[in-house]
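File shown: input22.pdb (PDB, C-alpha atoms).
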ATOM      1  CA  MET A   1       0.000   0.000   0.000
ATOM      2  CA  GLU A   2       1.367   3.382  -0.986
ATOM      3  CA  ILE A   3       1.773   5.949   1.753
ATOM      4  CA  PRO A   4      -0.046   9.108   0.626
ATOM      5  CA  TYR A   5       1.469  12.590   0.489
ATOM      6  CA  ASN A   6       5.082  11.652   1.164
ATOM      7  CA  VAL A   7       6.139  13.729  -1.845
ATOM      8  CA  ALA A   8       3.193  15.844  -2.912
ATOM      9  CA  PRO A   9       1.812  18.299  -0.358
ATOM     10  CA  ARG A  10      -1.635  17.535   1.051
ATOM     11  CA  PRO A  11      -4.105  19.992  -0.477
ATOM     12  CA  ASP A  12      -5.553  20.932   2.923
ATOM     13  CA  THR A  13      -2.268  21.468   4.814
ATOM     14  CA  GLY A  14      -0.016  22.509   1.938
ATOM     15  CA  LEU A  15       2.679  20.244   3.409
ATOM     16  CA  TYR A  16       3.849  16.712   2.733
ATOM     17  CA  ASN A  17       2.992  14.504   5.702
ATOM     18  CA  ALA A  18       6.527  13.935   6.993
ATOM     19  CA  LYS A  19       7.094  17.666   7.285
ATOM     20  CA  LEU A  20       3.940  18.171   9.319
ATOM     21  CA  GLY A  21       4.928  15.131  11.402
ATOM     22  CA  ILE A  22       8.425  16.419  12.193
ATOM     23  CA  TRP A  23       7.091  19.818  13.267
ATOM     24  CA  LEU A  24       4.597  18.145  15.632
ATOM     25  CA  PHE A  25       7.467  16.029  16.992
ATOM     26  CA  LEU A  26       9.646  19.127  17.436
ATOM     27  CA  ALA A  27       6.786  20.822  19.295
ATOM     28  CA  SER A  28       6.804  17.927  21.777
ATOM     29  CA  GLU A  29      10.594  18.226  22.027
ATOM     30  CA  VAL A  30      10.277  21.914  22.901
ATOM     31  CA  MET A  31       8.110  20.877  25.855
ATOM     32  CA  LEU A  32      10.603  18.176  26.908
ATOM     33  CA  PHE A  33      13.572  20.543  26.999
ATOM     34  CA  GLY A  34      11.317  23.364  28.252
ATOM     35  CA  ALA A  35      10.512  21.293  31.339
ATOM     36  CA  LEU A  36      14.241  20.883  32.017
ATOM     37  CA  PHE A  37      14.967  24.595  31.524
ATOM     38  CA  SER A  38      12.076  25.290  33.870
ATOM     39  CA  SER A  39      13.618  22.918  36.447
ATOM     40  CA  LEU A  40      16.997  24.611  36.057
ATOM     41  CA  ILE A  41      15.501  28.042  36.803
ATOM     42  CA  LEU A  42      13.677  26.664  39.857
ATOM     43  CA  LEU A  43      16.735  24.855  41.189
ATOM     44  CA  ARG A  44      19.035  27.808  40.627
ATOM     45  CA  SER A  45      16.713  30.440  42.057
ATOM     46  CA  GLY A  46      15.936  28.304  45.101
ATOM     47  CA  ALA A  47      19.549  27.402  45.892
ATOM     48  CA  PRO A  48      21.431  29.357  48.585
ATOM     49  CA  SER A  49      24.459  29.363  46.292
ATOM     50  CA  TRP A  50      24.996  28.310  42.703
ATOM     51  CA  PRO A  51      28.341  28.209  40.873
ATOM     52  CA  ARG A  52      28.958  30.274  37.754
ATOM     53  CA  GLY A  53      29.113  27.754  34.929
ATOM     54  CA  TRP A  54      32.686  28.580  33.961
ATOM     55  CA  GLU A  55      33.892  27.891  37.512
ATOM     56  CA  GLU A  56      32.963  24.208  37.153
ATOM     57  CA  LEU A  57      32.818  23.550  33.411
ATOM     58  CA  ASN A  58      35.234  23.814  30.503
ATOM     59  CA  VAL A  59      34.132  26.840  28.444
ATOM     60  CA  PRO A  60      36.809  26.587  25.672
ATOM     61  CA  LEU A  61      35.806  22.966  24.899
ATOM     62  CA  ALA A  62      32.097  23.860  24.916
ATOM     63  CA  THR A  63      32.806  26.851  22.645
ATOM     64  CA  ILE A  64      34.558  24.543  20.160
ATOM     65  CA  ASN A  65      31.538  22.228  20.370
ATOM     66  CA  THR A  66      29.239  25.168  19.613
ATOM     67  CA  PHE A  67      31.184  25.937  16.427
ATOM     68  CA  VAL A  68      31.186  22.222  15.498
ATOM     69  CA  LEU A  69      27.406  21.996  15.869
ATOM     70  CA  ILE A  70      26.780  25.245  13.976
ATOM     71  CA  PHE A  71      29.002  24.003  11.143
ATOM     72  CA  SER A  72      27.125  20.681  11.109
ATOM     73  CA  SER A  73      23.881  22.615  10.564
ATOM     74  CA  VAL A  74      25.453  24.285   7.530
ATOM     75  CA  ALA A  75      26.643  20.864   6.324
ATOM     76  CA  VAL A  76      23.055  19.523   6.429
ATOM     77  CA  VAL A  77      21.643  22.378   4.360
ATOM     78  CA  MET A  78      24.582  22.008   1.945
ATOM     79  CA  ALA A  79      23.742  18.293   1.572
ATOM     80  CA  TRP A  80      20.057  19.100   0.993
ATOM     81  CA  ALA A  81      20.923  21.794  -1.575
ATOM     82  CA  ASN A  82      23.321  19.507  -3.461
ATOM     83  CA  PHE A  83      20.772  16.683  -3.612
ATOM     84  CA  ARG A  84      18.250  19.166  -5.031
ATOM     85  CA  LEU A  85      20.833  20.237  -7.627
ATOM     86  CA  GLY A  86      21.182  16.608  -8.706
ATOM     87  CA  GLN A  87      24.721  16.362  -7.301
ATOM     88  CA  PHE A  88      24.413  13.099  -5.433
ATOM     89  CA  SER A  89      28.120  12.615  -4.586
ATOM     90  CA  LYS A  90      28.518  16.135  -3.203
ATOM     91  CA  GLY A  91      25.327  15.750  -1.190
ATOM     92  CA  ARG A  92      26.616  12.530   0.283
ATOM     93  CA  ILE A  93      29.968  14.127   1.126
ATOM     94  CA  TRP A  94      28.153  16.877   3.049
ATOM     95  CA  LEU A  95      26.165  14.222   4.912
ATOM     96  CA  GLY A  96      29.550  12.684   5.788
ATOM     97  CA  VAL A  97      30.731  16.089   7.050
ATOM     98  CA  THR A  98      27.601  16.276   9.210
ATOM     99  CA  LEU A  99      28.373  12.844  10.652
ATOM    100  CA  LEU A 100      31.996  13.844  11.325
ATOM    101  CA  CYS A 101      30.826  16.978  13.146
ATOM    102  CA  ALA A 102      28.380  14.944  15.217
ATOM    103  CA  ALA A 103      31.114  12.440  16.084
ATOM    104  CA  GLY A 104      33.486  15.315  16.935
ATOM    105  CA  PHE A 105      30.845  16.826  19.203
ATOM    106  CA  MET A 106      30.372  13.528  21.055
ATOM    107  CA  VAL A 107      34.133  12.958  21.419
ATOM    108  CA  ILE A 108      34.622  16.433  22.918
ATOM    109  CA  LYS A 109      31.634  15.844  25.201
ATOM    110  CA  GLY A 110      33.216  12.523  26.169
ATOM    111  CA  PHE A 111      36.441  14.329  27.180
ATOM    112  CA  GLU A 112      34.396  16.760  29.246
ATOM    113  CA  TYR A 113      32.478  13.984  31.007
ATOM    114  CA  ALA A 114      35.674  11.966  31.606
ATOM    115  CA  HIS A 115      37.313  14.993  33.212
ATOM    116  CA  LYS A 116      34.283  15.545  35.444
ATOM    117  CA  PHE A 117      34.296  11.908  36.558
ATOM    118  CA  HIS A 118      38.057  12.150  37.175
ATOM    119  CA  LEU A 119      37.311  15.032  39.572
ATOM    120  CA  HIS A 120      34.554  12.877  41.174
ATOM    121  CA  HIS A 121      31.840  15.166  39.869
ATOM    122  CA  TYR A 122      28.737  13.039  39.325
ATOM    123  CA  PRO A 123      25.023  13.804  38.962
ATOM    124  CA  SER A 124      24.689  13.027  42.666
ATOM    125  CA  THR A 125      27.399  15.586  43.607
ATOM    126  CA  SER A 126      25.119  18.656  43.525
ATOM    127  CA  ASN A 127      21.999  20.048  41.892
ATOM    128  CA  PHE A 128      24.263  21.915  39.467
ATOM    129  CA  PHE A 129      25.901  18.722  38.232
ATOM    130  CA  ALA A 130      22.576  16.840  38.301
ATOM    131  CA  ILE A 131      20.948  19.304  35.894
ATOM    132  CA  TYR A 132      24.182  19.618  33.868
ATOM    133  CA  PHE A 133      24.422  15.866  33.256
ATOM    134  CA  VAL A 134      20.691  15.431  32.609
ATOM    135  CA  MET A 135      20.448  18.280  30.104
ATOM    136  CA  THR A 136      23.700  17.650  28.250
ATOM    137  CA  GLY A 137      23.112  13.879  28.409
ATOM    138  CA  LEU A 138      19.647  14.178  26.881
ATOM    139  CA  HIS A 139      21.025  16.541  24.249
ATOM    140  CA  GLY A 140      23.835  14.057  23.542
ATOM    141  CA  LEU A 141      21.253  11.285  23.031
ATOM    142  CA  HIS A 142      19.576  13.497  20.440
ATOM    143  CA  VAL A 143      22.925  13.958  18.684
ATOM    144  CA  LEU A 144      23.362  10.162  18.651
ATOM    145  CA  GLY A 145      19.848   9.819  17.197
ATOM    146  CA  GLY A 146      20.854  12.205  14.417
ATOM    147  CA  VAL A 147      23.992  10.145  13.752
ATOM    148  CA  VAL A 148      21.871   7.008  13.264
ATOM    149  CA  VAL A 149      19.467   8.781  10.881
ATOM    150  CA  PHE A 150      22.145  10.548   8.814
ATOM    151  CA  GLY A 151      24.284   7.390   8.817
ATOM    152  CA  TYR A 152      21.363   5.525   7.262
ATOM    153  CA  PHE A 153      20.716   8.233   4.651
ATOM    154  CA  ALA A 154      24.400   8.471   3.730
ATOM    155  CA  GLY A 155      24.653   4.657   3.555
ATOM    156  CA  PRO A 156      21.967   2.123   2.647
ATOM    157  CA  GLY A 157      19.114   4.668   2.601
ATOM    158  CA  SER A 158      20.785   6.668  -0.178
ATOM    159  CA  LYS A 159      19.582   4.129  -2.783
ATOM    160  CA  MET A 160      16.227   5.863  -2.679
ATOM    161  CA  TYR A 161      17.798   8.879  -4.441
ATOM    162  CA  PHE A 162      17.808   6.871  -7.679
ATOM    163  CA  SER A 163      14.331   5.381  -7.326
ATOM    164  CA  GLU A 164      12.323   8.168  -5.610
ATOM    165  CA  ARG A 165      14.507  11.244  -5.749
ATOM    166  CA  GLN A 166      12.081  13.856  -4.405
ATOM    167  CA  ARG A 167      11.047  11.578  -1.541
ATOM    168  CA  PHE A 168      14.713  11.132  -0.581
ATOM    169  CA  ILE A 169      15.270  14.914  -0.745
ATOM    170  CA  ASN A 170      12.239  15.392   1.504
ATOM    171  CA  ARG A 171      13.698  12.882   3.960
ATOM    172  CA  ILE A 172      16.921  14.886   4.113
ATOM    173  CA  GLU A 173      14.902  18.064   4.694
ATOM    174  CA  VAL A 174      12.953  16.486   7.539
ATOM    175  CA  ALA A 175      16.072  14.995   9.165
ATOM    176  CA  GLY A 176      17.707  18.409   8.705
ATOM    177  CA  LEU A 177      14.862  20.117  10.587
ATOM    178  CA  TYR A 178      15.447  17.722  13.483
ATOM    179  CA  TRP A 179      19.187  18.413  13.355
ATOM    180  CA  HIS A 180      18.728  22.193  13.371
ATOM    181  CA  PHE A 181      16.487  21.786  16.417
ATOM    182  CA  VAL A 182      19.301  19.870  18.164
ATOM    183  CA  ASP A 183      21.592  22.794  17.273
ATOM    184  CA  LEU A 184      18.967  25.243  18.563
ATOM    185  CA  VAL A 185      18.772  23.469  21.928
ATOM    186  CA  TRP A 186      22.567  23.675  22.281
ATOM    187  CA  ILE A 187      22.447  27.404  21.442
ATOM    188  CA  PHE A 188      20.406  27.881  24.635
ATOM    189  CA  LEU A 189      22.105  25.159  26.712
ATOM    190  CA  PHE A 190      25.612  26.519  26.170
ATOM    191  CA  PRO A 191      25.186  29.975  27.730
ATOM    192  CA  THR A 192      22.711  28.723  30.355
ATOM    193  CA  LEU A 193      25.012  26.050  31.748
ATOM    194  CA  TYR A 194      28.511  27.281  30.904
ATOM    195  CA  LEU A 195      28.433  31.075  30.900
ATOM    196  CA  LEU A 196      25.936  32.203  33.528
TER     197      LEU A 196
ATOM    198  CA  MET B   1     -12.390  13.197 -14.606
ATOM    199  CA  THR B   2     -13.893  13.131 -11.104
ATOM    200  CA  ASP B   3     -13.643  16.119  -8.798
ATOM    201  CA  HIS B   4     -11.129  14.244  -6.662
ATOM    202  CA  SER B   5      -8.834  13.277  -9.519
ATOM    203  CA  ALA B   6      -9.133  16.779 -11.004
ATOM    204  CA  HIS B   7      -8.125  18.200  -7.651
ATOM    205  CA  ALA B   8      -5.203  15.726  -7.426
ATOM    206  CA  ALA B   9      -4.085  16.596 -10.955
ATOM    207  CA  HIS B  10      -4.209  20.277 -10.088
ATOM    208  CA  GLY B  11      -2.169  19.478  -6.957
ATOM    209  CA  ASP B  12       0.446  17.637  -9.046
ATOM    210  CA  GLU B  13       0.742  20.585 -11.445
ATOM    211  CA  HIS B  14       1.108  22.900  -8.490
ATOM    212  CA  LEU B  15       3.767  20.580  -7.017
ATOM    213  CA  ALA B  16       5.676  20.429 -10.303
ATOM    214  CA  ALA B  17       5.660  24.222 -10.556
ATOM    215  CA  HIS B  18       6.707  24.470  -6.936
ATOM    216  CA  ASP B  19       9.546  21.945  -7.450
ATOM    217  CA  ASP B  20      10.778  23.720 -10.589
ATOM    218  CA  HIS B  21      11.177  26.883  -8.581
ATOM    219  CA  HIS B  22      12.302  25.046  -5.435
ATOM    220  CA  ASN B  23      15.054  23.098  -7.232
ATOM    221  CA  ASP B  24      16.057  25.907  -9.599
ATOM    222  CA  PRO B  25      19.910  26.121  -9.592
ATOM    223  CA  ALA B  26      19.929  29.927  -9.501
ATOM    224  CA  SER B  27      17.671  30.117  -6.436
ATOM    225  CA  ILE B  28      19.627  27.309  -4.727
ATOM    226  CA  ALA B  29      22.893  29.210  -5.374
ATOM    227  CA  LYS B  30      21.339  32.248  -3.649
ATOM    228  CA  GLU B  31      20.263  30.035  -0.725
ATOM    229  CA  LEU B  32      23.798  28.712  -0.324
ATOM    230  CA  LYS B  33      25.168  32.259  -0.004
ATOM    231  CA  VAL B  34      22.572  32.975   2.677
ATOM    232  CA  TYR B  35      23.499  29.783   4.576
ATOM    233  CA  TRP B  36      27.178  30.770   4.717
ATOM    234  CA  LEU B  37      26.261  34.301   5.802
ATOM    235  CA  VAL B  38      24.082  32.852   8.569
ATOM    236  CA  PHE B  39      26.982  30.603   9.617
ATOM    237  CA  GLY B  40      29.205  33.704   9.828
ATOM    238  CA  GLY B  41      26.558  35.505  11.884
ATOM    239  CA  LEU B  42      26.203  32.574  14.284
ATOM    240  CA  ALA B  43      29.993  32.334  14.689
ATOM    241  CA  VAL B  44      30.306  36.063  15.451
ATOM    242  CA  LEU B  45      27.409  35.974  17.930
ATOM    243  CA  THR B  46      28.951  32.953  19.685
ATOM    244  CA  GLY B  47      32.221  34.893  19.977
ATOM    245  CA  ILE B  48      30.331  37.894  21.409
ATOM    246  CA  THR B  49      28.562  35.802  24.099
ATOM    247  CA  VAL B  50      31.717  33.986  25.161
ATOM    248  CA  GLY B  51      33.786  37.183  25.072
ATOM    249  CA  LEU B  52      31.333  39.196  27.173
ATOM    250  CA  CYS B  53      30.132  36.583  29.661
ATOM    251  CA  TYR B  54      33.384  34.632  30.079
ATOM    252  CA  GLY B  55      36.167  37.027  29.057
ATOM    253  CA  PHE B  56      34.765  40.143  30.763
ATOM    254  CA  ASP B  57      33.218  38.265  33.705
ATOM    255  CA  LEU B  58      29.972  40.278  33.642
ATOM    256  CA  PRO B  59      27.782  40.349  36.771
ATOM    257  CA  VAL B  60      25.186  37.526  36.779
ATOM    258  CA  HIS B  61      22.120  39.652  35.997
ATOM    259  CA  THR B  62      23.839  41.507  33.142
ATOM    260  CA  ALA B  63      25.291  38.235  31.813
ATOM    261  CA  ILE B  64      21.813  36.620  31.820
ATOM    262  CA  ILE B  65      20.336  39.507  29.798
ATOM    263  CA  VAL B  66      23.248  39.582  27.321
ATOM    264  CA  ALA B  67      23.345  35.786  26.902
ATOM    265  CA  LEU B  68      19.556  35.580  26.468
ATOM    266  CA  ILE B  69      19.460  38.333  23.823
ATOM    267  CA  VAL B  70      22.350  36.786  21.859
ATOM    268  CA  ALA B  71      20.845  33.271  22.147
ATOM    269  CA  LEU B  72      17.487  34.592  20.873
ATOM    270  CA  LEU B  73      19.238  36.235  17.908
ATOM    271  CA  LYS B  74      21.082  32.991  17.142
ATOM    272  CA  GLY B  75      17.837  31.047  17.518
ATOM    273  CA  PHE B  76      16.152  33.399  15.049
ATOM    274  CA  LEU B  77      18.945  32.815  12.494
ATOM    275  CA  VAL B  78      18.765  29.019  12.825
ATOM    276  CA  ALA B  79      14.959  28.798  12.847
ATOM    277  CA  GLY B  80      14.432  31.504  10.234
ATOM    278  CA  PHE B  81      17.020  30.475   7.653
ATOM    279  CA  PHE B  82      18.193  26.893   8.282
ATOM    280  CA  MET B  83      14.689  25.695   9.208
ATOM    281  CA  HIS B  84      13.108  28.037   6.592
ATOM    282  CA  LEU B  85      10.537  29.371   9.040
ATOM    283  CA  LEU B  86      10.591  32.736   7.272
ATOM    284  CA  ASN B  87       8.895  31.070   4.275
ATOM    285  CA  GLU B  88       6.773  28.401   5.955
ATOM    286  CA  LYS B  89       3.106  27.503   5.730
ATOM    287  CA  LYS B  90       0.524  28.943   8.137
ATOM    288  CA  LEU B  91      -0.197  25.549   9.689
ATOM    289  CA  ILE B  92       3.354  25.294  11.040
ATOM    290  CA  PHE B  93       3.025  28.713  12.651
ATOM    291  CA  SER B  94      -0.230  27.558  14.254
ATOM    292  CA  ILE B  95       1.574  24.538  15.730
ATOM    293  CA  LEU B  96       4.429  26.739  16.915
ATOM    294  CA  GLY B  97       1.997  29.278  18.366
ATOM    295  CA  ILE B  98       0.402  26.590  20.560
ATOM    296  CA  THR B  99       3.883  25.346  21.503
ATOM    297  CA  VAL B 100       5.049  28.825  22.495
ATOM    298  CA  PHE B 101       1.927  29.270  24.649
ATOM    299  CA  PHE B 102       2.494  26.043  26.593
ATOM    300  CA  PHE B 103       6.237  26.726  26.791
ATOM    301  CA  ALA B 104       5.438  30.111  28.327
ATOM    302  CA  VAL B 105       3.105  28.402  30.846
ATOM    303  CA  LEU B 106       5.955  26.013  31.685
ATOM    304  CA  LEU B 107       8.362  28.871  32.355
ATOM    305  CA  TRP B 108       5.833  31.091  34.128
ATOM    306  CA  GLY B 109       5.985  28.970  37.310
ATOM    307  CA  PRO B 110       9.736  29.330  37.919
ATOM    308  CA  TRP B 111       9.781  32.996  36.856
ATOM    309  CA  HIS B 112       6.945  33.695  39.282
ATOM    310  CA  HIS B 113       8.987  31.907  41.966
ATOM    311  CA  VAL B 114      12.067  34.020  41.183
ATOM    312  CA  TYR B 115       9.965  37.207  41.213
ATOM    313  CA  SER B 116       8.444  36.352  44.609
ATOM    314  CA  LEU B 117      11.946  35.713  46.014
ATOM    315  CA  MET B 118      13.121  39.108  44.778
ATOM    316  CA  LYS B 119      10.205  40.965  46.459
TER     317      LYS B 119
END

Would you kindly transcribe this structure into structure tokens?
Amino acid sequence: MEIPYNVAPRPDTGLYNAKLGIWLFLASEVMLFGALFSSLILLRSGAPSWPRGWEELNVPLATINTFVLIFSSVAVVMAWANFRLGQFSKGRIWLGVTLLCAAGFMVIKGFEYAHKFHLHHYPSTSNFFAIYFVMTGLHGLHVLGGVVVFGYFAGPGSKMYFSERQRFINRIEVAGLYWHFVDLVWIFLFPTLYLL
Amino acid sequence: MTDHSAHAAHGDEHLAAHDDHHNDPASIAKELKVYWLVFGGLAVLTGITVGLCYGFDLPVHTAIIVALIVALLKGFLVAGFFMHLLNEKKLIFSILGITVFFFAVLLWGPWHHVYSLMK
């Protein structure tokens, strides 16, 4: 059975179904991270003392990670644009760049976590580290999710480009929207946890 | 031709026209320039936040205001250009409007708590 409106937009919404679906999913993600930001404000405002982020965390590493994630967002739109131009190889290379950036982000995060554990800083150490590990950990899981999706599209899933080109391009667009959201969350996480 | 198939055919024509424009090399080349400009903007804004909040060691309240303004600007660039929200359909804005409302409700509690502590 053919799935309707995975290429053509639905007449009533003006969108193909996957695009509407990803925006509904992102709306639920806003609430998920919103609840954690809300918790952070409550914990911080209710605490007798709260460290400045840069006293406990590594700002230079997190700044590098910010640039890595921003560049990965550019890589996704470059991949999408190249697929639309009919340049399959270039599009795939940009997907590879996205994957490299995601891997780089996780490796740097791994160094950060390892250093924290070396200093015996765990989620149970304080409310600051509890919210730090929960928020960055959940964000890291989202990055890993993106790696799985883009890995599939750059690998076995790329066959679809030759059988259903527009559907494949739409898939890249939808995965890209998810990835930009992951970038967006980091844009707010970085100053909130590291700089304030 | 039934009404439904006529409607579908019209939809396909509309889609083809949309795709021709959407996948037009000249318009994609323009998009690419915009993406790199946005990347530059995001990089500069990141440098500004880190420089002001970390390098200059601003007081907490000032740092919060500066960091929030810069993060909102960066968020606008990502959502507006990378996620193409500046040219999106009304339905998506309706979804986002509901999301913003509930997000505001979620943050109202803690802000109210902070405000009552300050009084």

Selection dump of the PyMOL selection byres ((chain B and resi 54) around 9), as a list in words: Trp54, Val59, Tyr194, Leu195 and Leu196 of chain A; Thr49, Val50, Gly51, Leu52, Cys53, Gly55, Phe56, Asp57 and Leu58 of chain B

Go ahead and dump the residues you just picked, C-alpha atoms, as a PDB file, in the frame of the given file.
ATOM      1  CA  TRP A  54      32.686  28.580  33.961  1.00  0.00           C
ATOM      2  CA  VAL A  59      34.132  26.840  28.444  1.00  0.00           C
ATOM      3  CA  TYR A 194      28.511  27.281  30.904  1.00  0.00           C
ATOM      4  CA  LEU A 195      28.433  31.075  30.900  1.00  0.00           C
ATOM      5  CA  LEU A 196      25.936  32.203  33.528  1.00  0.00           C
TER       6      LEU A 196
ATOM      7  CA  THR B  49      28.562  35.802  24.099  1.00  0.00           C
ATOM      8  CA  VAL B  50      31.717  33.986  25.161  1.00  0.00           C
ATOM      9  CA  GLY B  51      33.786  37.183  25.072  1.00  0.00           C
ATOM     10  CA  LEU B  52      31.333  39.196  27.173  1.00  0.00           C
ATOM     11  CA  CYS B  53      30.132  36.583  29.661  1.00  0.00           C
ATOM     12  CA  GLY B  55      36.167  37.027  29.057  1.00  0.00           C
ATOM     13  CA  PHE B  56      34.765  40.143  30.763  1.00  0.00           C
ATOM     14  CA  ASP B  57      33.218  38.265  33.705  1.00  0.00           C
ATOM     15  CA  LEU B  58      29.972  40.278  33.642  1.00  0.00           C
TER      16      LEU B  58
END

Pairwise distance for CA of Asn23 (chain B) and CA of Arg84 (chain A), rounded to one decimal in Å: 5.5 Å

Residues near Ala130 (chain A), cut-off 12 Å, all atoms listed in the file, skip fewer than 4 positions along chain, as a list in words: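 So the residues in contact are Leu36, Ser39, Leu40, Leu43, Arg44, His121, Tyr122, Pro123, Ser124, Thr125, Ser126, Val134, Met135, Thr136, Gly137 and Leu193 of chain A.
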
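Straight-line separation from CA of Tyr16 (chain A) to CA of Ile187 (chain A): 28.5 Å.
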
Residue neighbourhood Phe88 (chain A), 12 Å, only C-alpha atoms, exclusion window fewer than 3 positions, as a PyMOL selection string: chain A and resi 78-85+91-95+153-154+158-162+165+168-169

Can you tell me, as a PDB file with C-alpha atoms, keeping the file's coordinate frame, what residues are no more than 9 Å from Leu107 (chain B) when counting all atoms listed in the file, ignoring any on the same chain fewer than 6 positions away?
ATOM      1  CA  GLY A  34      11.317  23.364  28.252  1.00  0.00           C
ATOM      2  CA  ALA A  35      10.512  21.293  31.339  1.00  0.00           C
ATOM      3  CA  PHE A  37      14.967  24.595  31.524  1.00  0.00           C
ATOM      4  CA  SER A  38      12.076  25.290  33.870  1.00  0.00           C
ATOM      5  CA  SER A  39      13.618  22.918  36.447  1.00  0.00           C
ATOM      6  CA  ILE A  41      15.501  28.042  36.803  1.00  0.00           C
TER       7      ILE A  41
END

Expected selection from the PyMOL selection byres ((chain A and resi 14) around 10), given as a PyMOL selection string: (chain A and resi 8-13+15-17+20) or (chain B and resi 11+15+88-91)

Tell me, as a PDB file with C-alpha atoms, keeping the file's coordinate frame, which residues lie within 10 Å of Val185 (chain A), counting only C-alpha atoms; anything in the same chain fewer than 2 positions away does not count.
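Result saved to part-v1.pdb:
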ATOM      1  CA  GLU A  29      10.594  18.226  22.027  1.00  0.00           C
ATOM      2  CA  VAL A  30      10.277  21.914  22.901  1.00  0.00           C
ATOM      3  CA  PHE A  33      13.572  20.543  26.999  1.00  0.00           C
ATOM      4  CA  GLY A  34      11.317  23.364  28.252  1.00  0.00           C
ATOM      5  CA  MET A 135      20.448  18.280  30.104  1.00  0.00           C
ATOM      6  CA  THR A 136      23.700  17.650  28.250  1.00  0.00           C
ATOM      7  CA  HIS A 139      21.025  16.541  24.249  1.00  0.00           C
ATOM      8  CA  TRP A 179      19.187  18.413  13.355  1.00  0.00           C
ATOM      9  CA  HIS A 180      18.728  22.193  13.371  1.00  0.00           C
ATOM     10  CA  PHE A 181      16.487  21.786  16.417  1.00  0.00           C
ATOM     11  CA  VAL A 182      19.301  19.870  18.164  1.00  0.00           C
ATOM     12  CA  ASP A 183      21.592  22.794  17.273  1.00  0.00           C
ATOM     13  CA  ILE A 187      22.447  27.404  21.442  1.00  0.00           C
ATOM     14  CA  PHE A 188      20.406  27.881  24.635  1.00  0.00           C
ATOM     15  CA  LEU A 189      22.105  25.159  26.712  1.00  0.00           C
ATOM     16  CA  PHE A 190      25.612  26.519  26.170  1.00  0.00           C
TER      17      PHE A 190
ATOM     18  CA  GLY B  75      17.837  31.047  17.518  1.00  0.00           C
TER      19      GLY B  75
END

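Closest approach to chain A among B:Gly97, B:Gly80, B:Gly41, B:Pro25: B:Pro25, based on all atoms listed in the file.
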
Expected answer as a ChimeraX atom specification: chain B residues within 8 Å of chain A, all atoms listed in the file: /B:11-12,15,23-25,28,32,35-36,39,42-43,46,49-50,53-54,60,63-64,67-68,71,74-75,78-79,82-83,89,91-92,95-96,99,102-103,106-107,109-111,113-114

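Distances from A:Trp50, A:Phe25, A:Phe105, A:Phe128 to Asn65 (chain A) were compared using all atoms listed in the file, and the smallest one belongs to A:Phe105.
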
d(CA of Pro59 (chain B), CA of Gly40 (chain B)) in Å: 27.8 Å

Surrounding residues of Val68 (chain A) excluding itself and chain neighbours under 6 positions, 8 Å, all atoms listed in the file, as a ChimeraX atom specification: /A:101-102,104-105

Could those residues be written to a file, using C-alpha atoms, as a PDB file, in the frame of the given file?
ATOM      1  CA  CYS A 101      30.826  16.978  13.146  1.00  0.00           C
ATOM      2  CA  ALA A 102      28.380  14.944  15.217  1.00  0.00           C
ATOM      3  CA  GLY A 104      33.486  15.315  16.935  1.00  0.00           C
ATOM      4  CA  PHE A 105      30.845  16.826  19.203  1.00  0.00           C
TER       5      PHE A 105
END

Answer key for the PyMOL selection byres ((chain A and resi 109) around 10), residues as a list in words: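 That selection, the PyMOL selection byres ((chain A and resi 109) around 10), comes back as Leu61, Ala62, Asn65, Ala103, Gly104, Phe105, Met106, Val107, Ile108, Gly110, Phe111, Glu112, Tyr113, Ala114, His115, Thr136, Gly137 and Gly140 of chain A.
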